[in-house]
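Below is the file model-v9.tsv, which contains TSV, C-alpha atoms.
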chain	number	residue	atom	x	y	z
A	1	MET	CA	-0.22	32.19	44.39
A	2	LYS	CA	2.24	29.43	45.29
A	3	ILE	CA	-0.49	26.89	44.74
A	4	ALA	CA	-1.18	28.34	41.25
A	5	GLU	CA	2.54	28.18	40.28
A	6	GLY	CA	2.72	24.59	41.52
A	7	THR	CA	-0.30	23.74	39.41
A	8	ARG	CA	1.31	25.31	36.33
A	9	VAL	CA	4.52	23.33	36.92
A	10	ARG	CA	2.55	20.10	37.36
A	11	THR	CA	0.58	20.92	34.19
A	12	ARG	CA	3.81	21.52	32.23
A	13	VAL	CA	5.34	18.28	33.52
A	14	ALA	CA	2.16	16.40	32.67
A	15	GLY	CA	2.10	18.03	29.21
A	16	LEU	CA	5.74	17.10	28.62
A	17	GLY	CA	5.01	13.55	29.76
A	18	LEU	CA	2.10	13.35	27.33
A	19	LEU	CA	4.31	14.58	24.48
A	20	ILE	CA	6.96	11.97	25.30
A	21	LEU	CA	4.26	9.29	25.47
A	22	LEU	CA	2.81	10.34	22.11
A	23	ALA	CA	6.28	10.44	20.57
A	24	SER	CA	7.03	6.94	21.87
A	25	VAL	CA	3.73	5.66	20.50
A	26	ALA	CA	4.60	7.21	17.13
A	27	ILE	CA	8.01	5.54	17.21
A	28	VAL	CA	6.47	2.19	18.14
A	29	GLN	CA	3.91	2.52	15.33
A	30	ALA	CA	6.63	3.32	12.83
A	31	GLN	CA	8.37	-0.03	13.35
A	32	PRO	CA	7.53	-2.82	10.90
A	33	ASN	CA	6.81	-6.20	12.40
A	34	ARG	CA	10.16	-7.90	11.83
A	35	SER	CA	8.79	-11.25	12.92
A	36	LEU	CA	6.72	-11.74	9.77
A	37	LYS	CA	8.11	-14.79	7.98
A	38	ILE	CA	8.74	-14.11	4.31
A	39	LEU	CA	9.19	-16.50	1.39
A	40	TYR	CA	10.64	-15.02	-1.81
A	41	ALA	CA	10.02	-17.47	-4.67
A	42	GLY	CA	11.85	-16.19	-7.73
A	43	ARG	CA	14.66	-17.22	-10.05
A	44	PRO	CA	17.33	-18.90	-7.92
A	45	GLY	CA	20.77	-17.35	-8.16
A	46	SER	CA	19.66	-14.29	-10.12
A	47	ASP	CA	20.89	-10.78	-9.29
A	48	ARG	CA	17.29	-9.82	-8.83
A	49	GLU	CA	16.79	-12.47	-6.16
A	50	LYS	CA	19.91	-11.23	-4.33
A	51	ASP	CA	18.65	-7.64	-4.49
A	52	PHE	CA	15.24	-8.50	-3.06
A	53	VAL	CA	16.53	-10.86	-0.40
A	54	ALA	CA	19.13	-8.37	0.87
A	55	PHE	CA	16.43	-5.74	1.21
A	56	LEU	CA	13.93	-8.07	2.83
A	57	ARG	CA	16.49	-9.26	5.37
A	58	LYS	CA	17.02	-5.69	6.48
A	59	ASN	CA	13.34	-5.53	7.36
A	60	PHE	CA	12.38	-9.05	8.42
A	61	ASP	CA	14.13	-11.64	10.60
A	62	THR	CA	13.02	-14.66	8.60
A	63	VAL	CA	13.45	-14.53	4.84
A	64	GLN	CA	13.80	-17.71	2.81
A	65	THR	CA	14.04	-18.25	-0.91
A	66	GLY	CA	12.16	-20.60	-3.21
A	67	ASN	CA	11.98	-21.34	-6.92
A	68	LEU	CA	9.02	-20.00	-8.89
A	69	GLN	CA	9.59	-22.76	-11.44
A	70	THR	CA	8.63	-25.42	-8.89
A	71	PHE	CA	6.38	-23.32	-6.65
A	72	LYS	CA	3.30	-25.01	-5.21
A	73	GLU	CA	0.75	-24.03	-2.58
A	74	ALA	CA	2.37	-26.15	0.13
A	75	ASP	CA	5.56	-24.05	-0.14
A	76	THR	CA	3.77	-21.22	1.68
A	77	GLN	CA	3.33	-23.32	4.83
A	78	GLY	CA	5.11	-21.66	7.74
A	79	PHE	CA	5.36	-18.28	6.04
A	80	ASP	CA	3.23	-15.21	6.67
A	81	VAL	CA	3.64	-13.67	3.22
A	82	THR	CA	4.96	-15.15	-0.02
A	83	LEU	CA	6.42	-13.04	-2.83
A	84	LEU	CA	6.27	-14.45	-6.36
A	85	ASP	CA	8.77	-13.02	-8.83
A	86	TRP	CA	11.01	-13.88	-11.78
A	87	ASP	CA	13.46	-11.89	-13.82
A	88	TRP	CA	12.87	-8.19	-14.36
A	89	ASN	CA	10.18	-8.04	-17.07
A	90	GLU	CA	10.53	-11.51	-18.51
A	91	PRO	CA	7.13	-12.40	-19.97
A	92	ARG	CA	8.00	-16.06	-20.47
A	93	GLY	CA	8.44	-16.88	-16.81
A	94	PRO	CA	6.87	-19.83	-14.99
A	95	ARG	CA	3.13	-19.87	-14.33
A	96	PRO	CA	2.48	-21.80	-11.15
A	97	VAL	CA	-0.87	-23.50	-10.68
A	98	ILE	CA	-2.91	-23.03	-7.51
A	99	SER	CA	-6.48	-23.82	-6.50
A	100	GLU	CA	-9.18	-21.12	-6.38
A	101	SER	CA	-9.62	-21.78	-2.66
A	102	PHE	CA	-5.98	-20.94	-1.90
A	103	SER	CA	-6.05	-18.07	0.60
A	104	ARG	CA	-2.53	-17.52	1.95
A	105	PRO	CA	-1.15	-13.96	1.50
A	106	ILE	CA	0.66	-13.59	-1.82
A	107	MET	CA	2.40	-10.61	-3.38
A	108	THR	CA	3.02	-10.92	-7.12
A	109	LEU	CA	5.69	-8.70	-8.64
A	110	GLY	CA	6.16	-6.90	-11.93
A	111	VAL	CA	5.42	-8.34	-15.37
A	112	PRO	CA	5.69	-12.00	-14.31
A	113	GLY	CA	3.41	-11.25	-11.36
A	114	GLY	CA	0.83	-9.56	-13.58
A	115	LEU	CA	0.83	-12.52	-15.94
A	116	ILE	CA	0.52	-15.01	-13.09
A	117	ALA	CA	-2.44	-13.00	-11.73
A	118	SER	CA	-4.00	-13.08	-15.21
A	119	GLN	CA	-3.66	-16.84	-15.36
A	120	TRP	CA	-5.34	-17.05	-11.96
A	121	ARG	CA	-8.14	-14.85	-13.40
A	122	LEU	CA	-7.61	-12.15	-10.79
A	123	LYS	CA	-8.56	-8.52	-11.18
A	124	THR	CA	-4.93	-7.67	-10.46
A	125	GLY	CA	-3.85	-9.45	-13.64
A	126	TYR	CA	-2.16	-7.76	-16.55
A	127	LEU	CA	-4.64	-6.16	-18.94
B	1	MET	CA	3.30	1.90	-17.18
B	2	GLU	CA	6.07	4.34	-16.36
B	3	ASN	CA	8.00	4.55	-13.12
B	4	ALA	CA	5.46	6.65	-11.21
B	5	ALA	CA	2.04	6.58	-9.55
B	6	HIS	CA	-0.71	9.17	-9.34
B	7	VAL	CA	-0.97	10.96	-6.00
B	8	GLU	CA	-4.70	10.67	-5.39
B	9	LEU	CA	-4.69	7.56	-3.19
B	10	LEU	CA	-2.03	8.69	-0.73
B	11	ASP	CA	-4.57	8.86	2.08
B	12	HIS	CA	-4.93	5.06	2.06
B	13	GLU	CA	-3.58	3.45	5.22
B	14	VAL	CA	-1.02	1.46	3.23
B	15	TYR	CA	0.93	4.73	2.92
B	16	ARG	CA	0.97	5.17	6.71
B	17	THR	CA	1.28	1.77	8.32
B	18	PRO	CA	3.67	0.63	9.61
B	19	LEU	CA	6.03	3.03	7.83
B	20	THR	CA	5.20	6.55	6.82
B	21	VAL	CA	5.56	6.92	3.06
B	22	GLN	CA	6.42	10.47	2.10
B	23	PRO	CA	6.67	10.57	-1.68
B	24	LYS	CA	7.98	13.61	-3.52
B	25	SER	CA	5.31	14.71	-5.95
B	26	GLU	CA	5.99	16.19	-9.36
B	27	CYS	CA	3.91	17.18	-12.37
B	28	ARG	CA	4.27	15.36	-15.70
B	29	ASP	CA	2.65	16.07	-19.06
B	30	THR	CA	-0.65	14.29	-19.48
B	31	PRO	CA	-0.27	11.25	-21.77
B	32	SER	CA	-2.38	11.45	-24.93
B	33	ASN	CA	-4.11	8.16	-24.11
B	34	TYR	CA	-5.51	9.79	-20.97
B	35	ARG	CA	-7.47	12.24	-23.11
B	36	GLU	CA	-9.17	9.33	-24.89
B	37	THR	CA	-9.97	7.34	-21.77
B	38	TYR	CA	-10.63	9.93	-19.05
B	39	LEU	CA	-14.21	9.58	-17.80
B	40	GLY	CA	-14.41	12.85	-15.92
B	41	PRO	CA	-15.38	14.85	-14.03
B	42	GLY	CA	-14.61	17.67	-16.45
B	43	LYS	CA	-11.66	17.48	-18.80
B	44	VAL	CA	-8.38	15.78	-18.08
B	45	PRO	CA	-5.80	18.35	-16.91
B	46	ASP	CA	-2.70	19.19	-18.98
B	47	LYS	CA	-0.41	17.99	-16.18
B	48	ILE	CA	-0.75	14.99	-13.90
B	49	LYS	CA	0.62	15.05	-10.36
B	50	VAL	CA	2.59	11.89	-9.71
B	51	TRP	CA	5.28	10.48	-7.42
B	52	GLN	CA	8.24	8.42	-8.56
B	53	VAL	CA	8.24	4.81	-7.34
B	54	GLN	CA	11.43	3.59	-9.02
B	55	GLU	CA	14.14	4.49	-11.57
B	56	THR	CA	13.24	2.50	-14.69
B	57	GLN	CA	10.65	4.00	-17.03
B	58	ARG	CA	9.66	0.89	-18.95
B	59	GLY	CA	8.78	-2.72	-18.26
B	60	ASN	CA	6.06	-2.18	-15.70
B	61	VAL	CA	2.46	-3.41	-15.87
B	62	VAL	CA	-0.99	-2.18	-14.95
B	63	ALA	CA	-4.25	-3.95	-14.26
B	64	ARG	CA	-7.56	-2.73	-15.58
B	65	SER	CA	-9.18	-0.31	-13.13
B	66	LEU	CA	-12.77	-0.65	-14.37
B	67	VAL	CA	-13.17	-4.08	-12.84
B	68	PHE	CA	-11.95	-3.26	-9.35
B	69	SER	CA	-15.22	-1.77	-8.12
B	70	ASP	CA	-17.15	-4.79	-9.39
B	71	SER	CA	-16.84	-6.79	-6.15
B	72	PRO	CA	-15.97	-5.84	-2.56
B	73	ASP	CA	-12.85	-8.00	-2.38
B	74	ALA	CA	-10.69	-5.70	-4.50
B	75	GLU	CA	-9.14	-2.28	-4.15
B	76	ILE	CA	-6.74	0.02	-5.95
B	77	LEU	CA	-3.67	0.99	-3.92
B	78	ALA	CA	-1.82	3.02	-6.56
B	79	VAL	CA	-2.91	4.34	-9.93
B	80	GLY	CA	-0.12	3.75	-12.42
B	81	PHE	CA	1.07	6.62	-14.60
B	82	ASN	CA	1.00	5.12	-18.07
B	83	HIS	CA	1.26	5.97	-21.76
B	84	GLY	CA	-0.25	2.81	-23.15
B	85	LYS	CA	-3.40	1.96	-21.25
B	86	SER	CA	-6.25	3.95	-19.68
B	87	TYR	CA	-6.47	6.78	-17.22
B	88	GLY	CA	-6.88	5.24	-13.79
B	89	ASP	CA	-5.39	1.82	-14.54
B	90	VAL	CA	-3.81	0.10	-11.60
B	91	GLY	CA	-0.12	0.03	-10.71
B	92	ILE	CA	-0.63	-1.63	-7.33
B	93	GLY	CA	-3.87	-3.44	-6.53
B	94	ARG	CA	-5.30	-6.11	-4.27
B	95	GLN	CA	-7.94	-8.75	-4.68
B	96	GLY	CA	-8.56	-10.94	-1.65
B	97	ASN	CA	-5.27	-12.41	-0.45
B	98	PHE	CA	-3.39	-11.37	-3.60
B	99	LEU	CA	-1.53	-8.09	-4.03
B	100	GLN	CA	0.06	-7.19	-7.35
B	101	TRP	CA	3.02	-4.79	-7.35
B	102	GLY	CA	3.14	-3.73	-11.00
B	103	TYR	CA	6.52	-1.96	-10.83
B	104	SER	CA	9.45	-4.02	-12.02
B	105	ASP	CA	12.58	-2.59	-10.42
B	106	PRO	CA	14.22	-4.42	-7.50
B	107	PRO	CA	14.56	-2.50	-4.20
B	108	SER	CA	18.02	-1.07	-5.04
B	109	LYS	CA	16.37	0.90	-7.85
B	110	MET	CA	13.26	1.98	-5.98
B	111	THR	CA	12.97	5.40	-4.44
B	112	GLU	CA	12.94	5.54	-0.64
B	113	ALA	CA	9.18	6.12	-0.79
B	114	GLY	CA	8.86	3.12	-3.12
B	115	ARG	CA	10.82	0.90	-0.74
B	116	ARG	CA	8.73	1.99	2.22
B	117	LEU	CA	5.49	1.35	0.35
B	118	PHE	CA	6.78	-2.08	-0.64
B	119	ILE	CA	7.34	-3.00	3.02
B	120	ASN	CA	3.91	-1.66	3.91
B	121	CYS	CA	2.32	-3.74	1.15
B	122	ILE	CA	3.85	-6.88	2.67
B	123	HIS	CA	2.31	-5.99	6.03
B	124	TYR	CA	-0.97	-5.03	4.43
B	125	ILE	CA	-1.52	-8.23	2.46
B	126	HIS	CA	-0.70	-10.25	5.58
B	127	ARG	CA	-3.98	-9.00	7.02
B	128	PHE	CA	-5.91	-10.80	4.28
B	129	ASP	CA	-4.76	-14.26	5.23
B	130	GLY	CA	-7.74	-16.56	4.69
B	131	LYS	CA	-9.62	-14.12	2.45
B	132	ALA	CA	-9.62	-15.81	-0.95
B	133	PRO	CA	-11.07	-13.71	-3.80
B	134	LEU	CA	-14.85	-13.69	-4.04
B	135	VAL	CA	-14.94	-13.69	-7.84
B	136	ARG	CA	-12.71	-14.64	-10.75
B	137	ARG	CA	-12.64	-13.07	-14.18
B	138	ARG	CA	-15.13	-14.95	-16.32
B	139	ARG	CA	-16.80	-12.23	-18.40
B	140	ASN	CA	-15.98	-8.82	-19.80
B	141	PRO	CA	-17.38	-5.81	-17.98
B	142	ARG	CA	-20.47	-4.21	-19.56
B	143	VAL	CA	-18.60	-1.08	-20.51
B	144	ASP	CA	-16.78	-3.17	-23.11
B	145	VAL	CA	-19.79	-2.75	-25.39
B	146	ILE	CA	-18.78	0.90	-25.67
B	147	ARG	CA	-15.03	0.27	-25.61
B	148	LEU	CA	-15.17	-2.37	-28.34
B	149	ALA	CA	-17.75	-0.60	-30.54
B	150	PRO	CA	-15.14	1.19	-32.74
B	151	ILE	CA	-13.68	-2.20	-33.73
B	152	GLY	CA	-17.04	-3.98	-33.90
B	153	ASP	CA	-16.73	-4.80	-37.63
B	154	ARG	CA	-13.24	-6.24	-37.19
B	155	LEU	CA	-14.43	-8.42	-34.28
B	156	ARG	CA	-17.36	-9.67	-36.37
B	157	GLU	CA	-15.20	-10.45	-39.40
B	158	ALA	CA	-12.67	-12.33	-37.28
B	159	ALA	CA	-15.42	-14.37	-35.60
B	160	GLU	CA	-16.99	-15.16	-38.99
B	161	LYS	CA	-13.67	-16.54	-40.22
B	162	ASP	CA	-12.95	-18.49	-37.05
B	163	SER	CA	-15.94	-19.85	-35.18
B	164	THR	CA	-13.86	-20.57	-32.09
B	165	LEU	CA	-13.36	-16.83	-31.49
B	166	THR	CA	-15.73	-14.99	-29.17
B	167	PRO	CA	-16.00	-11.37	-30.29
B	168	GLY	CA	-16.96	-9.96	-26.89
B	169	ILE	CA	-20.18	-8.40	-28.13
B	170	ALA	CA	-22.91	-10.85	-29.24
B	171	MET	CA	-22.72	-11.61	-32.98
B	172	ASP	CA	-26.37	-10.72	-33.69
B	173	ILE	CA	-25.75	-7.30	-32.16
B	174	LEU	CA	-22.56	-6.80	-34.21
B	175	LYS	CA	-24.48	-7.77	-37.37
B	176	ARG	CA	-27.15	-5.21	-36.54
B	177	TYR	CA	-24.53	-2.43	-36.57
B	178	VAL	CA	-22.37	-3.34	-39.58
B	179	GLY	CA	-20.46	-0.24	-40.69
B	180	ASP	CA	-22.05	1.77	-37.89
B	181	PRO	CA	-19.66	1.97	-34.92
B	182	ASN	CA	-21.34	5.13	-33.65
B	183	GLY	CA	-24.68	3.36	-33.60
B	184	LEU	CA	-23.16	0.50	-31.64
B	185	THR	CA	-21.59	2.94	-29.20
B	186	GLN	CA	-24.93	4.62	-28.72
B	187	TYR	CA	-26.60	1.24	-28.20
B	188	GLY	CA	-24.11	0.58	-25.42
B	189	ARG	CA	-24.36	3.98	-23.80
B	190	GLU	CA	-28.16	4.07	-23.77
B	191	ASN	CA	-28.52	0.55	-22.44
B	192	LEU	CA	-25.55	0.19	-20.13
B	193	GLU	CA	-27.70	-0.68	-17.12
B	194	TRP	CA	-29.26	-3.69	-18.90
B	195	ILE	CA	-26.14	-5.22	-20.44
B	196	TYR	CA	-25.49	-8.88	-19.61
B	197	TYR	CA	-23.63	-11.78	-21.20
B	198	ASP	CA	-25.23	-14.43	-23.40
B	199	LYS	CA	-22.86	-15.59	-26.15
B	200	GLY	CA	-21.44	-12.08	-25.95
B	201	LEU	CA	-22.52	-8.80	-24.39
B	202	ARG	CA	-26.08	-7.74	-25.18
B	203	VAL	CA	-29.02	-5.86	-23.70
B	204	ASP	CA	-31.41	-7.81	-21.52
B	205	GLU	CA	-34.63	-7.01	-23.33
B	206	GLU	CA	-36.74	-9.19	-21.00
B	207	LEU	CA	-35.62	-7.27	-17.92
B	208	LYS	CA	-36.01	-3.94	-19.68
B	209	ALA	CA	-39.57	-4.87	-20.74
B	210	LEU	CA	-40.47	-5.38	-17.09
B	211	GLY	CA	-39.76	-1.70	-16.51
B	212	LEU	CA	-36.76	-2.37	-14.23
B	213	ASP	CA	-34.11	0.31	-14.63
B	214	SER	CA	-30.99	-1.79	-14.05
B	215	ASN	CA	-29.90	-5.40	-13.82
B	216	ARG	CA	-27.33	-4.71	-11.10
B	217	LYS	CA	-29.35	-3.04	-8.36
B	218	VAL	CA	-30.33	-5.02	-5.27
B	219	GLU	CA	-33.79	-3.49	-5.71
B	220	THR	CA	-34.05	-5.34	-9.03
B	221	LEU	CA	-33.24	-8.66	-7.40
B	222	GLU	CA	-35.79	-8.00	-4.67
B	223	ARG	CA	-38.39	-7.04	-7.24
B	224	LEU	CA	-37.80	-10.21	-9.26
B	225	PHE	CA	-38.42	-12.33	-6.17
B	226	GLY	CA	-41.60	-10.33	-5.58
B	227	LEU	CA	-42.78	-10.96	-9.15
B	228	LEU	CA	-42.68	-14.70	-8.56
B	229	ASN	CA	-46.02	-14.18	-6.81
B	230	ASP	CA	-47.47	-12.33	-9.80
B	231	PRO	CA	-49.05	-14.83	-12.22
B	232	THR	CA	-48.55	-12.45	-15.15
B	233	HIS	CA	-44.78	-12.14	-14.69
B	234	ALA	CA	-43.80	-15.16	-12.63
B	235	ALA	CA	-42.36	-17.15	-15.54
B	236	THR	CA	-40.21	-14.24	-16.73
B	237	ALA	CA	-39.08	-13.48	-13.18
B	238	LYS	CA	-38.07	-17.12	-12.70
B	239	GLN	CA	-36.11	-17.05	-15.93
B	240	LEU	CA	-34.34	-13.81	-14.95
B	241	LEU	CA	-33.53	-15.08	-11.46
B	242	GLY	CA	-31.92	-18.06	-13.14
B	243	ARG	CA	-29.91	-15.66	-15.27
B	244	TYR	CA	-28.75	-13.41	-12.45
B	245	THR	CA	-28.20	-15.82	-9.56
B	246	ASP	CA	-26.33	-19.06	-9.08
B	247	GLY	CA	-29.53	-20.76	-8.07
B	248	GLN	CA	-29.73	-19.18	-4.65
B	249	THR	CA	-33.42	-19.10	-3.78
B	250	THR	CA	-33.36	-16.68	-0.84
B	251	PHE	CA	-31.50	-13.47	-0.06
B	252	ASP	CA	-31.68	-11.64	3.26
B	253	PHE	CA	-32.93	-8.28	2.01
B	254	LYS	CA	-33.72	-7.10	5.55
B	255	ASN	CA	-30.57	-7.85	7.57
B	256	GLY	CA	-28.03	-8.76	4.93
B	257	ARG	CA	-28.80	-6.29	2.21
B	258	ASP	CA	-25.44	-4.56	2.40
B	259	ARG	CA	-23.68	-7.87	1.73
B	260	ILE	CA	-25.45	-8.45	-1.60
B	261	TYR	CA	-23.46	-7.32	-4.64
B	262	PHE	CA	-23.60	-7.73	-8.41
B	263	THR	CA	-20.56	-8.69	-10.43
B	264	ASP	CA	-20.15	-8.30	-14.18
B	265	ILE	CA	-16.82	-10.02	-14.51
B	266	GLY	CA	-17.78	-12.80	-12.13
B	267	GLY	CA	-20.56	-13.83	-14.54
B	268	TYR	CA	-23.30	-11.17	-14.34
B	269	LYS	CA	-24.64	-12.56	-11.07
B	270	PHE	CA	-25.86	-11.35	-7.70
B	271	MET	CA	-23.69	-12.75	-4.93
B	272	VAL	CA	-23.42	-12.44	-1.17
B	273	VAL	CA	-20.30	-11.50	0.77
B	274	PRO	CA	-19.70	-14.21	3.41
B	275	LYS	CA	-20.24	-13.05	6.99
B	276	GLY	CA	-17.04	-11.67	8.51
B	277	TYR	CA	-15.23	-11.46	5.16
B	278	LEU	CA	-14.87	-7.69	5.25
B	279	ALA	CA	-14.01	-7.52	8.99
B	280	GLY	CA	-10.60	-6.11	9.83
B	281	ARG	CA	-10.09	-4.19	6.63

Would you kindly transcribe this structure into structure tokens?
Amino acid sequence: MKIAEGTRVRTRVAGLGLLILLASVAIVQAQPNRSLKILYAGRPGSDREKDFVAFLRKNFDTVQTGNLQTFKEADTQGFDVTLLDWDWNEPRGPRPVISESFSRPIMTLGVPGGLIASQWRLKTGYL
Amino acid sequence: MENAAHVELLDHEVYRTPLTVQPKSECRDTPSNYRETYLGPGKVPDKIKVWQVQETQRGNVVARSLVFSDSPDAEILAVGFNHGKSYGDVGIGRQGNFLQWGYSDPPSKMTEAGRRLFINCIHYIHRFDGKAPLVRRRRNPRVDVIRLAPIGDRLREAAEKDSTLTPGIAMDILKRYVGDPNGLTQYGRENLEWIYYDKGLRVDEELKALGLDSNRKVETLERLFGLLNDPTHAATAKQLLGRYTDGQTTFDFKNGRDRIYFTDIGGYKFMVVPKGYLAGR
């Protein structure tokens, strides 16, 4: 009988341990990788740039800004992901030129992003 | 596009990793344009279940959904709720190393779910470093024969006035259906599997005459290579292989069959996914 109770206690402790382990794994998985280096190339000095950069800096340790007007492929060197943006839904924004072999991770945003993707003949381009 | 996305893709990993995105769903009246563009199954419902991504209703953009399944380098991450384009058009999509976020509000005006998805998208596209797109948009998809049929006469008239314009559908086909948009639609519907591009979209009569039921099946490509050994059809097969390949003379039908794909928008060609390209998705 004593042996059975001891086994139950050990089982409960082991079960609790497993729960804690699973919970910690879940917590670990829920954390974004803050070490990703982010370049935000938009319209320098705009409220929109400030809004994005403030948000990005809450989530990533390295966030730098660039200018979409002068953006070129080489600007992405040293960054893990580059965001291309301009003013809110300004359709007359800059259209950077890149080669078809360019393969660094890029996120294009909003109307300017859709138009840039169209110029690059991507499926993600604006209709 | 409005400020919301459809709910049907919420099982994609981009909604789970690294942050859990828990959008609040709501039902909105079905836009009238959905009734014209919904391809089924069944009828479009009266309400569409969506989740709000951001505050602002206007000033957002979608990409065309029909082309996303055309090559294995692209995927839809969020269907955009829209009043101006088609049912299923893309609010957030990826092709190769490029991810387009079609919503226009900055983070301060996104919902919490929108902000979390935005962070996840940054992490997600990072995984595609080195994976340049496999195809670029060079041609219209074949379904455009049907989509453009109602304005076929206008396209023809415009191209007759300005020879630099390309009307999408081949001029000789448009001239065959003057004043008959329904006939042109039927032509497209009945021949969709043989549509290709030669000075505009048209049916591949040579391929159809060979008794092959589609120009985009790997079986067709394999059959064309087989016909090179048939003196009766070798010349036609050679011509068609020139039409549907970039000059590649061998394909690995035994061990690399699943890497062969056909792209409309990339030029109506069979192509091969490079080894390792799809790893890690």

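Here CA of Ser32 (chain B) and CA of His83 (chain B) stand 7.3 Å from one another.
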
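CA of Asp73 (chain B) is positioned 21.6 Å from CA of Thr76 (chain A).
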
>> Calculated over all atoms listed in the file, which of the candidates A:Ile106, A:Ile98, A:Leu115, A:Leu39 has the smallest distance to chain B?
In response: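 The answer is A:Ile106, which sits nearest to chain B.
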
> In Å to one decimal, how far is CA of Arg216 (chain B) from CA of Gly91 (chain B)?
Replying inline: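 Here the two named atoms are 27.6 Å from each other.
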
>> Using all atoms listed in the file, which protein or nucleic acid residues come within 12 Å of region 126-128 of chain B? Drop anything in the same chain fewer than 5 positions from it, and give the result as JSON, numbers by chain.
In response: {"A": [33, 36, 37, 38, 79, 80, 81, 82, 83, 102, 103, 104, 105, 106, 107], "B": [14, 73, 74, 94, 95, 96, 97, 98, 99, 119, 120, 121, 133, 276, 277, 278, 279, 280, 281]}

> For chain A, which residues have at least one atom within 8 Å of chain B, if we go by all atoms listed in the file? Write them as a ChimeraX atom specification, please.
Replying inline: /A:29-33,48,51-52,55,59,80-81,88-89,100-111,113-114,117,120-127
